[in-house]
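> Okay, handing you the structure first.
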Protein chains: 2
Amino acid sequence: MRWLKVTLAYDGTDYCGWQVQATRRSVQGTLEGAWTRVTGETTRWIASGRTDAGVHALGQVASLPTRSALPAETLQRALNASLPTDVRVREVAEAPSGFHAIRDARGKRYRYWLQDGGVPDVFCRRYAWFLPGALDLAAMRKGASYLVGRHDFRAFQASGSTRKTTVRHVRQLSLERRSCQMAELLELQIEADGFLYNMARNLVGTLVEVGRGKQPPEWVSRVLLGGRREQGGATAPAHGLCLVAVEY
Amino acid sequence: MRWLKVTLAYDGTDYCGWQVQATRRSVQGTLEGAWTRVTGETTRWIASGRTDAGVHALGQVASLPTRSALPAETLQRALNASLPTDVRVREVAEAPSGFHAIRDARGKRYRYWLQDGGVPDVFCRRYAWFLPGALDLAAMRKGASYLVGRHDFRAFQASGSTRKTTVRHVRQLSLERRSCQMAELLELQIEADGFLYNMARNLVGTLVEVGRGKQPPEWVSRVLLGGRREQGGATAPAHGLCLVAVEY
């Protein structure tokens, strides 16, 4: 058996998320369908994480076993020819035997885009959460500083989740201004060894409370230490989130 | 009567163009519908130019007369609340009596995005023309240099057009690299005192022939002087084009 590592980009707007669902258009189902057309195989694709409906990817990684003998570049080209334009295969690479996109992941980087104020940018509306008023970037950076490092992030995990451990190491959390077409966006980047379910979006929703001046930066630390989901900010909308890269 | 100057942005992907058509979704029809909902008036909106199906705008300008007494900012907010998210009113301003968006325009700036090579960027696919191979930027710049200045641009006008004069002044034509999400784009900006029908897209299609190495830069000069549409390159696709600004 041959194992492949496939790097993917997708615009999540018109998908129900990564995971196959019976009646809706999923990224996984779209890729598995293209794979069958290209190779004749029916193969389950495993992604590093199952992105939610509306979440985008620049560097999602999937693993799969295959008996196809087609060269990696040929597979990439044939898949892209068979896929809709909102999903692209960026790379097909040979992987070690048994390569598993979830189990072998050592870290991930997400990006979240916010537009704070002005007229909503028509060209970024699918990729940025629009908030009517300006956010206090300095306060958000201070709040974010409490989250960097190895902590128990249970306060930022979707309620009802069951994970063996809720300790994660946030290696980096940056906030920068970045221009889109009509507006300046706020780009939040977060890199960690792993993410709990909804963790990125819950961190963003909590930092936005600080940016809006509803809470002081130190409140982020209290939410983190309190360990209870209901103390933090609301979950930020899916469409601002993008999985940028997965590290192996 | 009060006259308004309205500055607009739109993602042209899902429109049949500016102009109202009986059975299809137009930008003009969408705006006029919102206007009626906001003010109760049935008013014809005039744009600086009727952008084609798929063409975008960052700074389209429309003129209209109104009897509404609502403040400009209130009109802007109410229109945006009533419009779909792919059309935004950037500004509503008072205009001199009789202001006419076509007649009074003194210049326009268009932008055209090309992606040359790599994997088509999923986030720019609606806004950039994808070409599989790298373009020769230096050759394109040389070709573009022949177009700057006051010339008879009849060779770049859609065949069958009837305009009194086909002389236009191209004030600036620049080509620069610009990063998108997954790729580097080639951004062409062109500013002129006016544009013939399809002129921007025909200029792009002609410069692309040079960028592909199919024709030398000097050929652009021969096409210009020859004055015959069929000598130039094909019309570039609409979706790469964006009306950036109109000068009054």
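By order of appearance in the structure tokens: chains A, B, ..., then residues from 1 within every chain, and ligands from 1 in the order shown.
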Any chance you could tabulate, as CSV, the residues of chain B at most 8 Å from chain A with each one's nearest atom pair and distance in Å to one decimal, using only C-alpha atoms, in chain and rising number order?

```
residue,atom,partner,partner_atom,distance
B:Ala9,CA,A:Val122,CA,6.9
B:Tyr10,CA,A:Val122,CA,6.1
B:Asp11,CA,A:Val122,CA,6.1
B:Leu58,CA,A:Met182,CA,7.2
B:Thr85,CA,A:Val122,CA,6.6
B:Asp86,CA,A:Val122,CA,5.3
B:Val87,CA,A:Val122,CA,6.7
B:Arg88,CA,A:Val122,CA,6.9
B:Val89,CA,A:Val119,CA,7.7
B:Arg90,CA,A:Val119,CA,6.3
B:Val119,CA,A:Arg90,CA,6.3
B:Pro120,CA,A:Arg88,CA,7.4
B:Asp121,CA,A:Arg88,CA,7.9
B:Val122,CA,A:Asp86,CA,5.3
B:Phe123,CA,A:Asp11,CA,6.5
B:Arg125,CA,A:Thr85,CA,7.5
B:Gln181,CA,A:Leu58,CA,7.7
B:Met182,CA,A:Leu58,CA,7.2
```
> So which bits of range 80-232 of chain B end up strand (DSSP E or B) when you DSSP the backbone, as a PyMOL selection string?
chain B and resi 87-95+107-116+129-131+149-152+167-179+184-192
> Excluding Leu131 in chain B and its own-chain neighbours fewer than 6 positions away, which residues fall within 7 Å of it when counting only C-alpha atoms? Please give them as a ChimeraX atom specification.
/B:115-117
> Can you tell me which residues surround Ala53 in chain A at a distance of at most 7 Å, considering only C-alpha atoms, apart from same-chain residues fewer than 5 positions away, and format the answer as a ChimeraX atom specification?
/A:12,15-17,238
> For range 98-108 of chain A, list every protein, DNA or RNA residue within 10 Å, evaluated using only C-alpha atoms, and leave out those in the same chain fewer than 3 positions away; present the list as a PyMOL selection string.
chain A and resi 1-6+45-50+59-65+94-95+169-171+190-195+243-248
